[in-house]
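The file start-v1.txt comes next; it holds compact mmCIF, C-alpha atoms.
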```
# COMPACT_ATOMS: atom_id res chain seq x y z
CA GLY M 16 0.00 0.00 0.00
CA ASN M 17 0.88 3.67 -0.09
CA SER M 18 3.18 5.07 2.56
CA VAL M 19 5.18 8.17 3.48
CA THR M 20 8.47 8.29 5.38
CA GLN M 21 9.81 11.52 6.90
CA MET M 22 13.15 12.23 8.47
CA GLU M 23 13.02 11.69 12.17
CA GLY M 24 12.94 14.65 14.47
CA PRO M 25 13.04 16.64 16.46
CA VAL M 26 14.98 19.17 14.43
CA THR M 27 16.45 22.21 16.17
CA LEU M 28 17.95 25.11 14.22
CA SER M 29 19.01 28.66 14.84
CA GLU M 30 17.11 31.53 13.29
CA GLU M 31 18.11 32.25 9.66
CA ALA M 32 19.49 28.72 9.17
CA PHE M 33 18.68 26.65 6.08
CA LEU M 34 16.02 23.99 6.57
CA THR M 35 15.56 20.64 4.86
CA ILE M 36 13.04 18.04 6.00
CA ASN M 37 13.26 14.87 3.94
CA CYS M 38 10.20 13.03 2.72
CA THR M 39 10.02 9.93 0.55
CA TYR M 40 6.97 8.03 -0.53
CA THR M 41 5.78 4.72 -1.88
CA ALA M 42 2.74 4.66 -4.13
CA THR M 43 1.28 2.37 -6.73
CA GLY M 44 0.32 5.19 -9.11
CA TYR M 45 0.89 8.92 -9.43
CA PRO M 46 -0.09 10.57 -6.18
CA SER M 47 -0.51 14.21 -5.26
CA LEU M 48 1.94 15.28 -2.56
CA PHE M 49 1.40 17.70 0.31
CA TRP M 50 3.14 19.35 3.22
CA TYR M 51 0.99 20.29 6.19
CA VAL M 52 2.02 22.34 9.22
CA GLN M 53 0.57 22.06 12.70
CA TYR M 54 1.13 24.73 15.35
CA PRO M 55 0.66 23.79 19.02
CA GLY M 56 -2.97 23.06 19.85
CA GLU M 57 -4.12 23.72 16.31
CA GLY M 58 -5.40 21.70 13.37
CA LEU M 59 -3.48 21.03 10.17
CA GLN M 60 -2.83 23.79 7.67
CA LEU M 61 -1.88 23.10 4.10
CA LEU M 62 1.57 24.57 3.50
CA LEU M 63 2.10 23.56 -0.12
CA LYS M 64 1.29 20.85 -2.62
CA ALA M 65 2.32 19.38 -5.98
CA THR M 66 0.14 17.26 -8.20
CA LYS M 67 2.55 15.87 -10.80
CA ALA M 68 6.21 15.08 -11.37
CA ASP M 69 8.59 18.07 -11.45
CA ASP M 70 5.96 20.41 -10.01
CA LYS M 71 7.29 22.76 -7.36
CA GLY M 72 5.01 23.81 -4.54
CA SER M 73 5.86 26.99 -2.65
CA ASN M 74 4.39 29.11 0.11
CA LYS M 75 5.71 31.47 2.82
CA GLY M 76 9.31 30.88 1.71
CA PHE M 77 8.95 27.08 1.84
CA GLU M 78 9.47 24.99 -1.29
CA ALA M 79 9.23 21.33 -2.27
CA THR M 80 9.70 19.67 -5.66
CA TYR M 81 7.92 16.48 -6.71
CA ARG M 82 10.74 14.12 -7.75
CA LYS M 83 9.33 10.99 -9.34
CA GLU M 84 12.73 9.44 -10.05
CA THR M 85 13.68 9.51 -6.36
CA THR M 86 10.09 9.33 -5.02
CA SER M 87 10.80 12.33 -2.85
CA PHE M 88 9.20 15.62 -1.83
CA HIS M 89 11.72 17.30 0.48
CA LEU M 90 10.71 20.51 2.22
CA GLU M 91 13.20 23.41 2.16
CA LYS M 92 13.40 26.97 3.39
CA GLY M 93 16.36 29.25 2.96
CA SER M 94 16.11 31.22 6.22
CA VAL M 95 13.90 29.99 9.04
CA GLN M 96 12.25 32.14 11.68
CA VAL M 97 11.20 31.44 15.25
CA SER M 98 7.59 31.53 14.03
CA ASP M 99 8.28 28.47 11.84
CA SER M 100 8.49 26.28 14.94
CA ALA M 101 5.79 23.63 14.48
CA VAL M 102 5.24 20.01 13.47
CA TYR M 103 5.46 19.35 9.73
CA PHE M 104 3.68 16.45 8.03
CA CYS M 105 4.35 15.13 4.55
CA ALA M 106 1.35 13.40 2.97
CA LEU M 107 0.15 11.85 -0.25
CA SER M 108 -3.17 11.19 -1.87
CA GLU M 109 -3.83 9.00 -4.86
CA ARG M 110 -6.80 9.65 -7.16
CA ALA M 111 -8.25 12.06 -4.60
CA GLN M 112 -8.60 9.28 -2.04
CA LYS M 113 -7.70 9.58 1.63
CA LEU M 114 -4.55 11.33 2.78
CA VAL M 115 -1.69 9.13 3.96
CA PHE M 116 0.61 10.93 6.38
CA GLY M 117 4.20 10.59 7.37
CA GLN M 118 5.01 10.45 11.07
CA GLY M 119 5.65 14.18 11.39
CA THR M 120 8.79 16.18 12.14
CA ARG M 121 8.90 18.58 15.05
CA LEU M 122 10.87 21.72 14.20
CA THR M 123 12.16 24.15 16.82
CA ILE M 124 13.84 27.40 15.84
CA ASN M 125 15.91 29.17 18.47
CA PRO M 126 16.47 32.95 18.33
CA ASP Y 19 -14.48 32.79 4.25
CA ALA Y 20 -15.37 29.25 3.34
CA MET Y 21 -14.11 26.95 6.01
CA VAL Y 22 -14.40 23.87 8.20
CA ILE Y 23 -15.60 24.54 11.73
CA GLN Y 24 -15.30 22.13 14.62
CA ASN Y 25 -17.13 22.52 17.90
CA PRO Y 26 -16.21 22.58 20.64
CA ARG Y 27 -12.46 23.28 20.60
CA TYR Y 28 -12.06 21.52 23.92
CA GLN Y 29 -14.32 18.80 25.28
CA VAL Y 30 -14.07 17.09 28.63
CA THR Y 31 -16.14 13.96 29.14
CA GLN Y 32 -16.41 11.33 31.81
CA PHE Y 33 -15.17 7.81 31.35
CA GLY Y 34 -17.95 5.81 29.70
CA LYS Y 35 -20.25 8.78 29.06
CA PRO Y 36 -21.28 9.18 25.40
CA VAL Y 37 -19.93 12.27 23.69
CA THR Y 38 -20.55 13.86 20.29
CA LEU Y 39 -18.16 16.09 18.37
CA SER Y 40 -19.42 18.19 15.50
CA CYS Y 41 -18.05 19.48 12.23
CA SER Y 42 -19.60 21.85 9.72
CA GLN Y 43 -18.38 23.13 6.38
CA THR Y 44 -19.27 25.96 4.05
CA LEU Y 45 -17.18 24.62 1.17
CA ASN Y 46 -19.89 22.30 -0.18
CA HIS Y 47 -17.31 19.53 -0.48
CA ASN Y 48 -18.74 16.08 -1.05
CA VAL Y 49 -16.21 14.18 1.08
CA MET Y 50 -15.82 14.57 4.84
CA TYR Y 51 -13.25 12.81 7.02
CA TRP Y 52 -12.68 12.20 10.71
CA TYR Y 53 -9.12 11.72 11.94
CA GLN Y 54 -7.81 10.89 15.40
CA GLN Y 55 -4.44 12.36 16.38
CA LYS Y 56 -2.53 11.56 19.56
CA SER Y 57 0.41 13.59 20.88
CA SER Y 58 1.51 15.12 17.54
CA GLN Y 59 1.62 11.69 15.93
CA ALA Y 60 0.38 11.33 12.39
CA PRO Y 61 -3.39 11.69 12.11
CA LYS Y 62 -5.16 8.35 11.83
CA LEU Y 63 -8.21 8.12 9.60
CA LEU Y 64 -11.27 6.77 11.41
CA PHE Y 65 -13.85 6.98 8.60
CA HIS Y 66 -15.07 9.17 5.79
CA TYR Y 67 -18.24 9.97 3.88
CA TYR Y 68 -18.42 10.29 0.14
CA ASP Y 69 -21.71 12.16 -0.06
CA LYS Y 70 -23.93 9.87 2.03
CA ASP Y 71 -21.81 6.76 1.52
CA PHE Y 72 -20.09 5.82 4.78
CA ASN Y 73 -16.62 4.25 4.68
CA ASN Y 74 -15.16 2.79 7.84
CA GLU Y 75 -11.46 2.04 8.23
CA ALA Y 76 -10.88 -1.61 9.08
CA ASP Y 77 -9.20 -0.87 12.41
CA THR Y 78 -11.63 1.78 13.68
CA PRO Y 79 -13.12 0.56 16.97
CA ASP Y 80 -16.86 -0.09 17.12
CA ASN Y 81 -16.97 2.49 19.92
CA PHE Y 82 -16.71 5.19 17.24
CA GLN Y 83 -19.70 6.04 15.07
CA SER Y 84 -20.49 8.84 12.67
CA ARG Y 85 -23.49 10.61 11.17
CA ARG Y 86 -23.81 12.93 8.24
CA PRO Y 87 -27.35 14.33 8.09
CA ASN Y 88 -26.59 16.67 5.19
CA THR Y 89 -23.70 17.99 3.08
CA SER Y 90 -22.72 20.62 5.62
CA PHE Y 91 -22.60 18.66 8.87
CA CYS Y 92 -20.85 15.57 10.15
CA PHE Y 93 -20.79 14.19 13.70
CA LEU Y 94 -18.44 11.86 15.54
CA ASP Y 95 -20.06 9.85 18.31
CA ILE Y 96 -17.99 8.02 20.91
CA ARG Y 97 -20.36 5.66 22.65
CA SER Y 98 -18.28 4.81 25.72
CA PRO Y 99 -15.10 6.89 25.88
CA GLY Y 100 -12.10 5.31 27.51
CA LEU Y 101 -8.90 6.96 28.69
CA GLY Y 102 -7.23 5.79 25.49
CA ASP Y 103 -9.66 7.84 23.41
CA ALA Y 104 -8.25 11.12 24.68
CA ALA Y 105 -6.87 12.79 21.59
CA MET Y 106 -7.27 15.60 19.08
CA TYR Y 107 -10.07 14.84 16.62
CA LEU Y 108 -9.71 16.47 13.23
CA CYS Y 109 -12.42 16.92 10.65
CA ALA Y 110 -11.46 17.50 7.02
CA THR Y 111 -13.24 17.96 3.73
CA SER Y 112 -12.25 17.50 0.12
CA SER Y 113 -13.69 17.77 -3.34
CA GLY Y 114 -11.02 15.76 -5.07
CA VAL Y 115 -8.76 17.95 -7.14
CA HIS Y 116 -8.99 20.97 -4.85
CA GLY Y 117 -7.29 19.20 -1.99
CA TYR Y 118 -8.22 18.94 1.64
CA THR Y 119 -9.29 21.49 4.22
CA PHE Y 120 -8.94 20.76 7.92
CA GLY Y 121 -10.81 22.21 10.85
CA SER Y 122 -9.00 23.43 13.97
CA GLY Y 123 -9.76 20.20 15.79
CA THR Y 124 -11.46 19.24 19.03
CA ARG Y 125 -9.23 18.18 21.88
CA LEU Y 126 -11.01 15.50 23.89
CA THR Y 127 -10.09 14.83 27.51
CA VAL Y 128 -11.54 11.80 29.30
CA VAL Y 129 -11.68 11.97 33.10
```
Hey, can you dump this file as structure tokens for me?
Amino acid sequence: GNSVTQMEGPVTLSEEAFLTINCTYTATGYPSLFWYVQYPGEGLQLLLKATKADDKGSNKGFEATYRKETTSFHLEKGSVQVSDSAVYFCALSERAQKLVFGQGTRLTINP
Amino acid sequence: DAMVIQNPRYQVTQFGKPVTLSCSQTLNHNVMYWYQQKSSQAPKLLFHYYDKDFNNEADTPDNFQSRRPNTSFCFLDIRSPGLGDAAMYLCATSSGVHGYTFGSGTRLTVV
């Protein structure tokens, strides 16, 4: 079945550092890929998405590129801020069916 | 703004006392989902409705039930909450290609 694997956390960085959170997936077809962010005590917010190979999703300085050859969708940001501290979930959906989530990566940014 | 609204944000219930969580949407999406999330783990799908068609995940306990009286509303009923049911419950909607929209969640405490 479909699955998503994220790099294990927690991840702690200093403000203005470069961020990468790795995400790889296994799917039988051609899924859509998503990154969601969850702030403490809140629900999930869509951060970005990509629906086909080589698409790049971007939002709020975050980017991720759908790499079919490596089955990856790594999240990157060039300069993180304290306000980026949250839990990040990579997810996939195939043919608009249910979302399958990775285990989540907790990110802490220190000033 | 079109959105997914969950009420209440925080719910405290007694061990074994039935409790109902509610979700409403103004997006007119045909699919609604209920997820259970414990301690910033990955959300776990309990069930979903495609219009009025109910789809239960194989490992969802019988203690959890759901109702969808119309397109806008969906309810999660926990017939006899146990301590292990304390979690964040997330409602989400989708219309296929437009992706998924999550509510802010209801945090359930069982005392």
Checklist entry - Can you tell me, as a list of chain:residue names, what residues are no more than 12 Å from Y:Gly102 when counting only C-alpha atoms, ignoring any on the same chain fewer than 2 positions away? => result Y:Phe33, Y:Gly34, Y:Gln54, Y:Gln55, Y:Lys56, Y:Ser57, Y:Pro79, Y:Asn81, Y:Ile96, Y:Ser98, Y:Pro99, Y:Gly100, Y:Ala104, Y:Ala105, Y:Met106, Y:Leu126, Y:Thr127, Y:Val128, Y:Val129
Mind dumping a table of every chain M residue within 6 Å of chain Y, with the nearest atom pair and its distance in Å to one decimal, using only C-alpha atoms, sorted by chain and rising number, as CSV?
```
residue,atom,partner,partner_atom,distance
M:Glu57,CA,Y:Ser122,CA,5.4
M:Gly58,CA,Y:Ser122,CA,4.0
M:Leu59,CA,Y:Phe120,CA,5.9
M:Ala111,CA,Y:Gly114,CA,4.6
M:Gln118,CA,Y:Ala60,CA,4.9
```
Checklist entry - Taking all atoms listed in the file into account, which of M:Thr27, M:Gly93, M:Leu34, M:Ala79 comes nearest M:Tyr51? => result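 Smallest distance to M:Tyr51 is found for M:Ala79.
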Near M:Ser87, within 10 Å and counting all atoms listed in the file, which residues show up once chain neighbours fewer than 5 positions away are dropped, as a CSV table (one decimal) with C-alpha atoms, keeping the file's coordinate frame?
```csv
chain,number,residue,atom,x,y,z
M,19,VAL,CA,5.2,8.2,3.5
M,20,THR,CA,8.5,8.3,5.4
M,21,GLN,CA,9.8,11.5,6.9
M,37,ASN,CA,13.3,14.9,3.9
M,38,CYS,CA,10.2,13.0,2.7
M,39,THR,CA,10.0,9.9,0.6
M,40,TYR,CA,7.0,8.0,-0.5
M,41,THR,CA,5.8,4.7,-1.9
M,48,LEU,CA,1.9,15.3,-2.6
M,79,ALA,CA,9.2,21.3,-2.3
M,80,THR,CA,9.7,19.7,-5.7
M,81,TYR,CA,7.9,16.5,-6.7
M,82,ARG,CA,10.7,14.1,-7.8
```
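Of note, atom CA of M:Gln53 and atom CA of M:Asn125 are spaced 17.9 Å apart.
For M:Lys92, the set of protein, DNA and RNA residues having any atom at most 12 Å away, when counting only C-alpha atoms and skipping those fewer than 5 positions along the same chain, is M:Leu28, M:Glu30, M:Glu31, M:Ala32, M:Phe33, M:Leu34, M:Thr35, M:Ile36, M:Gly72, M:Ser73, M:Asn74, M:Lys75, M:Gly76, M:Phe77, M:Glu78, M:Ala79, M:Asp99.
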Item to check | Interatomic distance (Å, one decimal) between atom CA of M:Tyr54 and atom CA of Y:Met50 | outcome: 22.4 Å
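Taking only C-alpha atoms into account, M:Lys64 lies nearest to M:Ser108 out of the set M:Thr85, M:Ser108, M:Ser29, M:Gln96.
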Checklist entry - atom CA of Y:Thr111 and atom CA of Y:Asn48, how far apart in Å? => result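 Answer for the atom CA of Y:Asn48 to atom CA of Y:Thr111 separation: 7.5 Å.
Each of M:Leu63, M:Gly24, M:Lys83, M:Thr43 was compared to M:Arg121 using all atoms listed in the file, and M:Gly24 turns out to be the nearest.
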Find the axis-aligned box for stretch 37-50 of chain M, covering all its listed atoms and adding 4 Å on each side, and write its centre and edge lengths in Å to one decimal as lines of an AutoDock Vina configuration file.
```
center_x = 6.4
center_y = 10.9
center_z = -2.7
size_x = 21.8
size_y = 25.0
size_z = 21.4
```
Next on the checklist: List the spatial neighbours of Y:Thr89 as a PyMOL selection string - criterion: any atom at most 8 Å away, all atoms listed in the file, same-chain residues fewer than 5 positions off excluded.
Outcome noted: chain Y and resi 46-48+69
